[in-house]
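One file, coords-v5.csv, is given below (CSV, C-alpha atoms).
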```
chain,number,residue,atom,x,y,z
A,1,MET,CA,20.1,-20.9,7.9
A,2,LYS,CA,19.1,-22.2,11.3
A,3,ILE,CA,16.1,-20.4,12.8
A,4,LEU,CA,15.3,-20.7,16.5
A,5,VAL,CA,11.7,-19.8,17.5
A,6,ASP,CA,10.8,-19.2,21.1
A,7,PRO,CA,7.5,-20.6,22.5
A,8,GLN,CA,6.1,-17.5,24.2
A,9,THR,CA,2.9,-17.2,22.2
A,10,TYR,CA,2.2,-20.9,22.6
A,11,ASN,CA,2.5,-20.5,26.3
A,12,GLU,CA,0.1,-17.6,26.4
A,13,GLN,CA,-2.5,-18.3,23.7
A,14,LYS,CA,-4.8,-21.2,23.3
A,15,PHE,CA,-5.7,-19.7,20.0
A,16,GLY,CA,-5.4,-16.3,18.4
A,17,GLY,CA,-3.9,-14.2,15.6
A,18,ILE,CA,-0.3,-14.2,16.9
A,19,SER,CA,0.0,-17.9,17.5
A,20,ARG,CA,-1.8,-18.5,14.2
A,21,TYR,CA,0.8,-16.3,12.4
A,22,HIS,CA,3.8,-18.2,13.9
A,23,THR,CA,2.3,-21.5,13.2
A,24,GLU,CA,1.7,-20.7,9.5
A,25,LEU,CA,5.3,-19.4,9.3
A,26,TYR,CA,6.7,-22.6,10.9
A,27,LEU,CA,4.7,-24.8,8.5
A,28,ALA,CA,6.0,-22.9,5.5
A,29,HIS,CA,9.6,-22.5,6.6
A,30,GLN,CA,10.2,-26.1,7.5
A,31,LYS,CA,9.6,-27.0,3.9
A,32,VAL,CA,12.3,-24.6,2.6
A,33,GLU,CA,15.5,-26.2,1.4
A,34,ASN,CA,18.6,-25.2,3.5
A,35,ILE,CA,16.4,-23.9,6.3
A,36,THR,CA,16.3,-25.6,9.7
A,37,ILE,CA,13.6,-24.3,12.0
A,38,SER,CA,13.2,-25.4,15.6
A,39,CYS,CA,11.1,-24.4,18.6
A,40,PRO,CA,11.9,-25.8,22.1
A,41,LEU,CA,8.3,-26.7,22.9
A,42,LEU,CA,7.7,-29.5,25.3
A,43,PHE,CA,3.9,-29.0,25.6
A,44,SER,CA,1.2,-26.5,24.5
A,45,ASP,CA,-2.6,-26.5,24.5
A,46,ASN,CA,-2.6,-24.2,21.5
A,47,LEU,CA,-5.3,-25.2,19.1
A,48,HIS,CA,-3.4,-24.0,16.0
A,49,LEU,CA,-0.5,-26.3,16.7
A,50,LYS,CA,-3.0,-29.1,17.2
A,51,GLU,CA,-4.7,-28.5,13.9
A,52,ALA,CA,-1.3,-28.3,12.1
A,53,SER,CA,-0.1,-31.5,13.8
A,54,LEU,CA,3.0,-29.8,15.1
A,55,PHE,CA,4.8,-31.0,18.2
A,56,GLN,CA,2.4,-33.9,18.6
A,57,ASN,CA,5.1,-36.1,20.1
A,58,TYR,CA,5.1,-33.9,23.2
A,59,ARG,CA,1.4,-33.8,23.8
A,60,ASN,CA,0.5,-34.8,27.4
A,61,THR,CA,-2.4,-37.2,27.4
A,62,VAL,CA,-2.6,-37.0,31.2
A,63,PHE,CA,-3.1,-33.2,31.0
A,64,GLU,CA,-5.8,-33.6,28.2
A,65,SER,CA,-7.8,-36.3,30.1
A,66,LYS,CA,-11.2,-35.0,31.2
A,67,LEU,CA,-10.9,-37.2,34.3
A,68,ILE,CA,-8.2,-34.9,35.7
A,69,PRO,CA,-9.6,-32.0,37.9
A,70,LYS,CA,-9.3,-28.5,36.3
A,71,PHE,CA,-7.0,-27.2,39.1
A,72,ILE,CA,-4.5,-30.0,38.6
A,73,ARG,CA,-4.5,-29.5,34.8
A,74,LYS,CA,-3.7,-25.8,35.5
A,75,LYS,CA,-0.8,-26.8,37.6
A,76,ILE,CA,0.5,-29.2,35.0
A,77,LEU,CA,0.2,-26.5,32.3
A,78,LYS,CA,2.0,-23.9,34.4
A,79,ARG,CA,4.9,-26.4,35.0
A,80,TYR,CA,5.2,-27.1,31.3
A,81,LYS,CA,5.1,-23.4,30.4
A,82,LYS,CA,8.1,-23.0,32.7
A,83,LYS,CA,9.8,-26.0,31.1
A,84,ASN,CA,9.3,-24.5,27.6
A,85,LEU,CA,11.2,-21.4,28.5
A,86,GLU,CA,13.9,-23.3,30.3
A,87,ALA,CA,14.4,-25.4,27.2
A,88,THR,CA,14.6,-22.3,25.1
A,89,VAL,CA,17.3,-20.8,27.3
A,90,GLU,CA,19.2,-24.1,26.9
A,91,ALA,CA,18.9,-23.8,23.2
A,92,LEU,CA,20.2,-20.3,23.3
A,93,GLU,CA,23.2,-21.3,25.4
A,94,GLU,CA,24.0,-24.0,22.9
A,95,ASN,CA,24.3,-21.2,20.4
A,96,ASN,CA,23.5,-23.5,17.4
A,97,PHE,CA,21.3,-21.1,15.4
A,98,ASP,CA,21.7,-18.1,13.1
A,99,VAL,CA,18.7,-16.0,14.0
A,100,PHE,CA,16.3,-16.0,16.9
A,101,ILE,CA,12.5,-15.2,16.6
A,102,PRO,CA,10.7,-14.2,19.7
A,103,THR,CA,7.0,-14.8,19.4
A,104,TYR,CA,5.9,-12.2,22.0
A,105,TYR,CA,7.5,-9.4,24.1
A,106,ASN,CA,9.1,-11.0,27.1
A,107,PRO,CA,12.8,-10.0,26.8
A,108,TYR,CA,14.1,-13.0,28.9
A,109,PHE,CA,16.3,-14.1,26.0
A,110,LEU,CA,18.4,-10.9,25.6
A,111,GLU,CA,21.2,-11.8,27.9
A,112,LYS,CA,21.5,-15.3,26.3
A,113,LEU,CA,21.7,-14.3,22.6
A,114,ASN,CA,25.5,-14.0,22.6
A,115,TYR,CA,25.4,-11.3,19.9
A,116,LYS,CA,23.2,-13.3,17.6
A,117,PRO,CA,20.5,-11.4,15.6
A,118,PHE,CA,16.8,-11.5,16.4
A,119,VAL,CA,13.8,-10.4,14.4
A,120,LEU,CA,10.8,-9.0,16.3
A,121,THR,CA,7.3,-9.0,14.8
A,122,LEU,CA,5.2,-6.0,15.9
A,123,HIS,CA,1.5,-6.7,15.5
A,124,ASP,CA,0.1,-3.5,16.8
A,125,MET,CA,0.7,-0.5,19.2
A,126,ILE,CA,-2.6,-0.9,21.0
A,127,HIS,CA,-1.2,-0.9,24.5
A,128,GLU,CA,0.6,2.4,23.8
A,129,LEU,CA,-2.3,4.1,22.0
A,130,PHE,CA,-5.1,3.0,24.4
A,131,PRO,CA,-3.4,2.6,27.8
A,132,HIS,CA,-6.7,3.1,29.6
A,133,TYR,CA,-7.7,-0.4,28.5
A,134,PHE,CA,-4.6,-2.0,29.9
A,135,THR,CA,-4.2,-0.5,33.4
A,136,ARG,CA,-3.3,-3.8,34.9
A,137,ASP,CA,-0.6,-4.6,32.3
A,138,LEU,CA,2.6,-3.3,33.8
A,139,HIS,CA,5.1,-5.0,31.4
A,140,THR,CA,4.0,-5.0,27.8
A,141,VAL,CA,4.8,-1.4,26.8
A,142,LYS,CA,8.1,-1.4,28.6
A,143,ASN,CA,9.1,-4.8,27.1
A,144,LYS,CA,8.1,-3.8,23.6
A,145,LYS,CA,10.2,-0.7,23.8
A,146,ILE,CA,13.2,-2.6,24.9
A,147,LEU,CA,12.9,-5.2,22.1
A,148,LEU,CA,12.2,-2.5,19.4
A,149,GLU,CA,15.4,-0.8,20.4
A,150,LYS,CA,17.5,-3.9,20.4
A,151,ALA,CA,16.0,-5.9,17.5
A,152,THR,CA,18.2,-6.4,14.5
A,153,LYS,CA,15.1,-6.2,12.3
A,154,VAL,CA,11.4,-5.5,13.0
A,155,ILE,CA,8.5,-6.8,11.0
A,156,ALA,CA,5.4,-4.6,11.1
A,157,VAL,CA,2.2,-6.2,9.9
A,158,SER,CA,1.0,-3.0,8.2
A,159,TYR,CA,2.3,0.4,7.1
A,160,ASN,CA,0.0,1.9,9.7
A,161,THR,CA,1.7,-0.2,12.4
A,162,LYS,CA,5.1,1.0,11.2
A,163,LYS,CA,3.8,4.6,11.2
A,164,ASP,CA,2.5,4.2,14.8
A,165,ILE,CA,5.9,2.7,15.9
A,166,LEU,CA,7.8,5.7,14.5
A,167,LYS,CA,5.3,8.2,15.9
A,168,ILE,CA,5.6,6.8,19.4
A,169,TYR,CA,9.3,6.0,19.3
A,170,PRO,CA,10.8,8.4,16.7
A,171,HIS,CA,14.3,7.4,17.8
A,172,ILE,CA,13.8,3.9,16.3
A,173,ASP,CA,15.7,3.4,13.0
A,174,ALA,CA,13.0,3.4,10.4
A,175,SER,CA,15.2,1.4,8.0
A,176,LYS,CA,15.2,-1.7,10.2
A,177,ILE,CA,11.4,-1.9,10.1
A,178,GLU,CA,10.0,-4.0,7.2
A,179,VAL,CA,6.3,-4.3,6.4
A,180,VAL,CA,5.0,-7.8,5.8
A,181,TYR,CA,1.2,-8.4,5.6
A,182,LEU,CA,-0.6,-11.3,7.2
A,183,ALA,CA,-3.0,-13.7,5.6
A,184,HIS,CA,-6.0,-15.8,6.6
A,185,SER,CA,-6.5,-19.5,7.3
A,186,VAL,CA,-10.2,-19.9,6.9
A,187,LYS,CA,-11.2,-22.9,4.8
A,188,THR,CA,-13.8,-21.4,2.4
A,189,ASP,CA,-14.8,-24.7,1.0
A,190,GLN,CA,-15.4,-26.2,4.4
A,191,LYS,CA,-19.1,-25.6,5.2
A,192,ALA,CA,-20.4,-27.0,8.4
A,193,LYS,CA,-23.9,-27.6,9.8
A,194,VAL,CA,-24.5,-24.7,12.1
A,195,ASN,CA,-27.8,-23.6,13.6
A,196,LEU,CA,-28.0,-20.0,12.4
A,197,PRO,CA,-30.9,-17.5,11.7
A,198,LYS,CA,-31.9,-17.0,8.1
A,199,ALA,CA,-30.9,-13.3,8.2
A,200,TYR,CA,-28.2,-11.9,10.5
A,201,ILE,CA,-25.4,-9.3,11.0
A,202,LEU,CA,-22.2,-11.0,12.1
A,203,PHE,CA,-19.8,-10.0,14.9
A,204,VAL,CA,-16.7,-12.2,15.4
A,205,GLY,CA,-14.4,-12.7,18.4
A,206,ASN,CA,-13.4,-10.7,21.5
A,207,ARG,CA,-16.0,-8.1,22.5
A,208,LYS,CA,-14.0,-6.2,25.1
A,209,ASN,CA,-12.8,-2.6,25.3
A,210,TYR,CA,-11.5,-1.3,21.9
A,211,LYS,CA,-13.4,-4.0,20.0
A,212,ASN,CA,-16.4,-1.7,20.4
A,213,PHE,CA,-19.2,-4.3,20.8
A,214,LEU,CA,-21.5,-2.1,22.8
A,215,PHE,CA,-21.2,0.7,20.3
A,216,PHE,CA,-22.0,-1.8,17.6
A,217,ILE,CA,-25.2,-3.1,19.1
A,218,LYS,CA,-26.4,0.4,19.9
A,219,ALA,CA,-25.9,1.4,16.3
A,220,VAL,CA,-27.7,-1.6,14.7
A,221,ALA,CA,-30.5,-2.1,17.3
A,222,PRO,CA,-32.8,0.2,15.3
A,223,ILE,CA,-32.4,-2.1,12.3
A,224,LEU,CA,-33.4,-5.1,14.3
A,225,ASN,CA,-36.3,-3.1,15.8
A,226,SER,CA,-37.7,-2.4,12.3
A,227,HIS,CA,-36.7,-5.7,10.7
A,228,ALA,CA,-38.2,-8.5,12.8
A,229,GLU,CA,-36.5,-11.2,10.8
A,230,MET,CA,-33.0,-9.8,11.4
A,231,PHE,CA,-30.6,-11.1,14.1
A,232,ILE,CA,-27.2,-10.3,15.4
A,233,VAL,CA,-24.9,-13.3,15.8
A,234,ALA,CA,-21.9,-12.8,18.0
A,235,ALA,CA,-19.5,-15.7,17.1
A,236,GLY,CA,-16.9,-16.5,19.7
A,237,GLY,CA,-15.9,-14.4,22.6
A,238,ASN,CA,-17.8,-16.6,25.2
A,239,LYS,CA,-21.1,-15.8,26.9
A,240,PHE,CA,-22.4,-12.3,27.2
A,241,THR,CA,-21.4,-10.4,30.3
A,242,LYS,CA,-23.9,-8.9,32.8
A,243,GLU,CA,-23.3,-5.5,31.3
A,244,GLU,CA,-23.9,-6.7,27.8
A,245,HIS,CA,-27.1,-8.5,28.9
A,246,GLN,CA,-28.3,-5.2,30.4
A,247,TRP,CA,-27.7,-3.3,27.2
A,248,ILE,CA,-29.3,-6.0,25.1
A,249,LYS,CA,-32.4,-5.8,27.2
A,250,LYS,CA,-32.5,-2.0,27.2
A,251,LEU,CA,-32.2,-1.9,23.4
A,252,GLY,CA,-35.1,-4.3,23.1
A,253,ILE,CA,-33.2,-6.9,21.1
A,254,SER,CA,-33.1,-9.8,23.5
A,255,ASN,CA,-34.9,-12.1,21.1
A,256,GLN,CA,-32.8,-11.1,18.1
A,257,ILE,CA,-29.3,-11.7,19.3
A,258,LEU,CA,-27.3,-14.9,19.8
A,259,GLN,CA,-23.9,-15.7,21.1
A,260,GLN,CA,-22.3,-18.9,19.9
A,261,ASN,CA,-18.7,-20.2,20.2
A,262,PHE,CA,-17.4,-22.0,17.2
A,263,GLU,CA,-14.8,-24.4,15.9
A,264,ASP,CA,-12.4,-23.3,13.2
A,265,HIS,CA,-14.0,-25.5,10.6
A,266,GLU,CA,-17.4,-23.8,11.2
A,267,LEU,CA,-16.1,-20.2,10.7
A,268,ALA,CA,-16.6,-20.1,6.9
A,269,THR,CA,-20.3,-21.0,7.5
A,270,TYR,CA,-20.8,-18.1,9.9
A,271,TYR,CA,-19.3,-15.6,7.4
A,272,SER,CA,-20.8,-17.0,4.2
A,273,ARG,CA,-24.4,-17.0,5.5
A,274,ALA,CA,-24.3,-13.5,7.1
A,275,LYS,CA,-25.8,-10.4,5.4
A,276,CYS,CA,-22.6,-8.6,6.4
A,277,PHE,CA,-19.8,-8.7,8.9
A,278,VAL,CA,-19.2,-5.6,11.1
A,279,PHE,CA,-15.8,-5.0,12.5
A,280,PRO,CA,-16.3,-1.8,14.7
A,281,SER,CA,-12.9,-2.0,16.4
A,282,GLU,CA,-11.3,1.3,17.4
A,283,TYR,CA,-7.9,0.0,16.3
A,284,GLU,CA,-6.2,-3.0,14.7
A,285,GLY,CA,-2.6,-3.6,13.7
A,286,PHE,CA,-3.9,-5.7,10.8
A,287,GLY,CA,-7.2,-7.4,11.3
A,288,ILE,CA,-7.3,-11.0,10.0
A,289,PRO,CA,-11.1,-11.2,10.2
A,290,VAL,CA,-11.2,-8.6,7.4
A,291,LEU,CA,-9.6,-11.2,5.1
A,292,GLU,CA,-11.7,-14.1,6.5
A,293,SER,CA,-14.9,-12.2,5.7
A,294,MET,CA,-13.9,-11.2,2.2
A,295,ALA,CA,-12.6,-14.7,1.4
A,296,CYS,CA,-16.0,-16.1,2.3
A,297,GLY,CA,-18.0,-13.7,0.2
A,298,CYS,CA,-19.3,-11.7,3.1
A,299,PRO,CA,-19.3,-7.9,2.7
A,300,ILE,CA,-17.5,-6.1,5.5
A,301,VAL,CA,-18.4,-2.9,7.3
A,302,LEU,CA,-15.5,-1.2,9.2
A,303,ALA,CA,-14.2,2.1,10.3
A,304,ASN,CA,-12.0,4.1,7.9
A,305,HIS,CA,-8.9,4.3,10.1
A,306,SER,CA,-5.8,2.4,11.4
A,307,SER,CA,-4.8,-0.5,9.1
A,308,PHE,CA,-8.3,-1.2,7.7
A,309,PRO,CA,-8.0,0.7,4.4
A,310,GLU,CA,-4.7,-1.2,3.7
A,311,VAL,CA,-6.3,-4.5,4.2
A,312,ALA,CA,-9.9,-4.1,2.8
A,313,GLY,CA,-9.1,-1.6,0.1
A,314,GLU,CA,-12.1,-0.7,-2.1
A,315,ALA,CA,-14.0,-3.7,-0.8
A,316,GLY,CA,-14.7,-2.2,2.6
A,317,VAL,CA,-17.9,-0.4,3.4
A,318,TYR,CA,-16.5,2.3,5.6
A,319,PHE,CA,-18.2,4.2,8.4
A,320,GLU,CA,-17.0,7.1,10.5
A,321,LEU,CA,-15.4,5.8,13.7
A,322,ASN,CA,-17.8,5.9,16.7
A,323,ASN,CA,-20.6,7.4,14.6
A,324,GLU,CA,-23.7,5.2,15.3
A,325,SER,CA,-25.9,6.7,12.7
A,326,ASP,CA,-23.3,6.3,10.0
A,327,LEU,CA,-22.7,2.6,10.9
A,328,LYS,CA,-26.4,2.0,10.9
A,329,ASP,CA,-26.9,3.5,7.5
A,330,LYS,CA,-24.0,1.5,6.0
A,331,VAL,CA,-25.3,-1.8,7.4
A,332,LEU,CA,-28.9,-1.0,6.3
A,333,ARG,CA,-27.7,-0.3,2.7
A,334,LEU,CA,-26.0,-3.7,2.5
A,335,ILE,CA,-29.2,-5.3,3.8
A,336,GLU,CA,-31.6,-3.5,1.5
A,337,ASP,CA,-29.6,-2.8,-1.7
A,338,GLU,CA,-28.7,-6.2,-3.3
A,339,ASP,CA,-26.7,-4.6,-6.1
A,340,PHE,CA,-24.6,-2.7,-3.6
A,341,ARG,CA,-24.0,-5.9,-1.5
A,342,GLU,CA,-23.0,-8.0,-4.6
A,343,LYS,CA,-20.6,-5.3,-5.7
A,344,HIS,CA,-18.8,-5.4,-2.4
A,345,VAL,CA,-18.8,-9.2,-2.3
A,346,ARG,CA,-17.1,-9.2,-5.7
A,347,LEU,CA,-14.6,-6.5,-4.6
A,348,GLY,CA,-13.8,-8.5,-1.5
A,349,LEU,CA,-13.1,-11.7,-3.4
A,350,GLU,CA,-10.7,-9.8,-5.6
A,351,GLN,CA,-9.0,-7.9,-2.7
A,352,VAL,CA,-8.3,-11.0,-0.6
A,353,GLN,CA,-6.3,-12.6,-3.5
A,354,LYS,CA,-3.5,-10.2,-2.6
A,355,PHE,CA,-2.8,-12.0,0.7
A,356,ASN,CA,-1.6,-15.5,1.4
A,357,TRP,CA,0.6,-17.3,3.9
A,358,GLN,CA,3.2,-18.4,1.4
A,359,LYS,CA,3.8,-14.8,0.4
A,360,THR,CA,3.9,-13.8,4.1
A,361,ALA,CA,6.4,-16.6,4.9
A,362,ASP,CA,8.6,-15.8,1.9
A,363,GLU,CA,8.8,-12.1,2.8
A,364,CYS,CA,9.5,-12.9,6.5
A,365,LEU,CA,12.3,-15.3,5.5
A,366,GLU,CA,13.9,-12.5,3.4
A,367,VAL,CA,13.8,-10.3,6.5
A,368,TYR,CA,15.5,-13.0,8.5
A,369,ARG,CA,18.2,-13.3,5.9
A,370,LYS,CA,18.9,-9.6,6.0
A,371,ALA,CA,19.2,-9.8,9.8
A,372,VAL,CA,21.8,-12.6,9.5
A,373,VAL,CA,24.0,-10.8,6.9
```
Encoded form (C-alpha cells):
Amino acid sequence: MKILVDPQTYNEQKFGGISRYHTELYLAHQKVENITISCPLLFSDNLHLKEASLFQNYRNTVFESKLIPKFIRKKILKRYKKKNLEATVEALEENNFDVFIPTYYNPYFLEKLNYKPFVLTLHDMIHELFPHYFTRDLHTVKNKKILLEKATKVIAVSYNTKKDILKIYPHIDASKIEVVYLAHSVKTDQKAKVNLPKAYILFVGNRKNYKNFLFFIKAVAPILNSHAEMFIVAAGGNKFTKEEHQWIKKLGISNQILQQNFEDHELATYYSRAKCFVFPSEYEGFGIPVLESMACGCPIVLANHSSFPEVAGEAGVYFELNNESDLKDKVLRLIEDEDFREKHVRLGLEQVQKFNWQKTADECLEVYRKAVV
C-alpha cells in the first residue's frame, strides 16, 4: 500500500499535538513491510520532524542561520510553505498512491484526488463547540464539515470526539468513524537540570481561552497564600500577558509564580518534580499532557468532562468544571495527603500503559486498509 501524506500540519505548526501525531505515525509506518509512505515536504521548521531526523536532506541552512534577518526568514518560510503544497498537488496528479492522508483541514486536494480514498483524522470539535474563541477563524469549521462529509474514513481520537461529531453533524455516517487513541512521546528516563522550586503546582502549554489558565490561578491562589513554600510553574506558552500579570498581582502571588519555556528533553523533569499537574481546560479532544503527566509519576487534576475520563480513567483526580472551590480542594488534598497522592501516582503509571504510538500506528494503518478496500 502506498500512503501519500500532505504537509499541512508541518506548514502551520512549529510544534504541537497534531504534528507530533503525524510524525509518530510516519516513523512507525515507514518500518512496515509492503508499506510505502511519502510526504512532499521541501522544508519545515517543525521541531518534531527535526527530533525525528525526518526530511533532513531538505533543511535550508540559509533559513536557519541566525545572521539572516527575521523578516527575510519569514519570507523564505512562506515561499517554502507554498512550494510544499505545490509539490503535494504534483504528487496527487501523478496518481501513484493508494490512500491520501490530509494532516489538517484545508480541502485544497479534493479536486486532485481522482477518486482515490482519503482518511481524515479529527482531533476535536473545539471550533464548533466554542465559536466565541475563534471569531477571526472563518475557514476551519466550514472546511472540517466539507472533509467530514467527503472522507472515505474518519479517525476520531476519542469516543467523546466521535460523539461530538455526530451530535453536531448527525447526517455523517457513524460507521465510517473509527476511534484510535493517541499516545505520548515524553522520555521519562530523560531527566534534565532545570531550575525549579522545591514545591510547585504545574501548568503546561498554551494558556489562552478554553485552556482556562486564569480560572486555574484564581482557584489555587489561596493555597499559595497559605503555603509560602508553594509555587505555580507555567511551563511553555511564552511570557505572561499584561492581563495575566494584572491578575497575578491582584491575587498576591507575584513572588510564587514562574513562567519558563522548555525543551522537549526537559519536560519529564517538570512533571516528575511537581506536586501535581492541573489541566483545567474546558475541552480537549484527547489531551496528550494527561498521558505525559501519568507517565512521569505526576498526579493529575482535571475536570470530569469531554475526553478526560477516557484518557485518565481512575487515575484522574476530578473536579467540577469551572468550580474554583472544588479545584482548590482537590489540589490541596494531593499536597497534604501523601497516601492519596501516592495512590494516584500508582494508578497513573498503570493507566498510561494502555497507550503507545505503536498501537496507535497499527490501528491507523488498519483504518487506511479499510479505506482502500
- [ ] Give the answer as one residue: which of A:Pro131, A:Pro40, A:Pro102, A:Gly316 has the shortest atom-to-atom distance to Thr88 of chain A, using all atoms listed in the file?
- [x] A:Pro40
Open item on the list: If we count only C-alpha atoms and set the cut-off at 10 Å, which residues sit around Pro222 of chain A, ignoring sequence neighbours fewer than 5 positions away in its own chain? Please answer as a PyMOL selection string.
Closed with: chain A and resi 217+227+251-253+325+328+332
- [ ] Kindly give the distance, in Å, that separates atom CA of Leu291 of chain A and atom CA of His184 of chain A, rounded to a single decimal.
- [x]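 Those two atoms sit 6.0 Å apart.
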Task: Among listed residues A:Lys116, A:Lys167, A:His48, A:Arg136, nearest Thr152 of chain A (using all atoms listed in the file) - done: A:Lys116
- [ ] Quick one: everything within 6 Å of Met294 of chain A, counting all atoms listed in the file, minus sequence neighbours fewer than 4 positions away in the same chain. Send it as a list of chain:residue names.
- [x]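 Final neighbour list, sorted by chain and number: A:Cys298, A:Gly348, A:Leu349.
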Task: Who sits within 7 Å of Glu149 of chain A, all atoms listed in the file, same chain under 3 positions skipped, as a ChimeraX atom specification - done: /A:145-146,172
Task: segment 193-206 of chain A surroundings by all atoms listed in the file, 7 Å radius, close-in-sequence under 6 positions cut, as a VMD selection string - done: chain A and resid 229 to 237 274 to 279
Open item on the list: With all atoms listed in the file as the counted atoms, please give the residues lying no more than 8 Å from Asn238 of chain A, apart from itself and same-chain residues fewer than 4 positions off, as a list in words.
Closed with: Gln259, Gln260 and Asn261 of chain A
TODO: Would you please work out which residue, of A:Lys162, A:Lys31, A:Lys14, A:His139, is nearest to Asp124 of chain A when using only C-alpha atoms?
DONE: A:Lys162
Task: From A:Glu24, A:Asp6, A:Glu284, A:Asp326, residue lying nearest Phe308 of chain A [only C-alpha atoms] - done: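 Counting only C-alpha atoms, the residue closest to Phe308 of chain A is A:Glu284.
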- [ ] Go through A:Leu327, A:Val186, A:Val220, A:Leu365 one by one, measure the shortest atom-to-atom distance of each to Thr36 of chain A using all atoms listed in the file, and give the residue with the smallest value.
- [x] A:Leu365
Task: Å distance separating atom CA of Arg369 of chain A from atom CA of Thr121 of chain A, one decimal place - done: 14.7 Å
- [ ] To one decimal in Å, tell me the separation between atom CA of Thr269 of chain A and atom CA of Asp189 of chain A.
- [x]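 So the two atoms, atom CA of Thr269 of chain A and atom CA of Asp189 of chain A, lie 9.3 Å apart.
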TODO: For each of A:Tyr108, A:Phe262, A:Phe130, A:Tyr10, take the minimum atom-to-atom distance to Tyr80 of chain A, counting all atoms listed in the file, then give the residue where this is smallest.
DONE: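 For Tyr80 of chain A, the nearest of the given residues is A:Tyr10.
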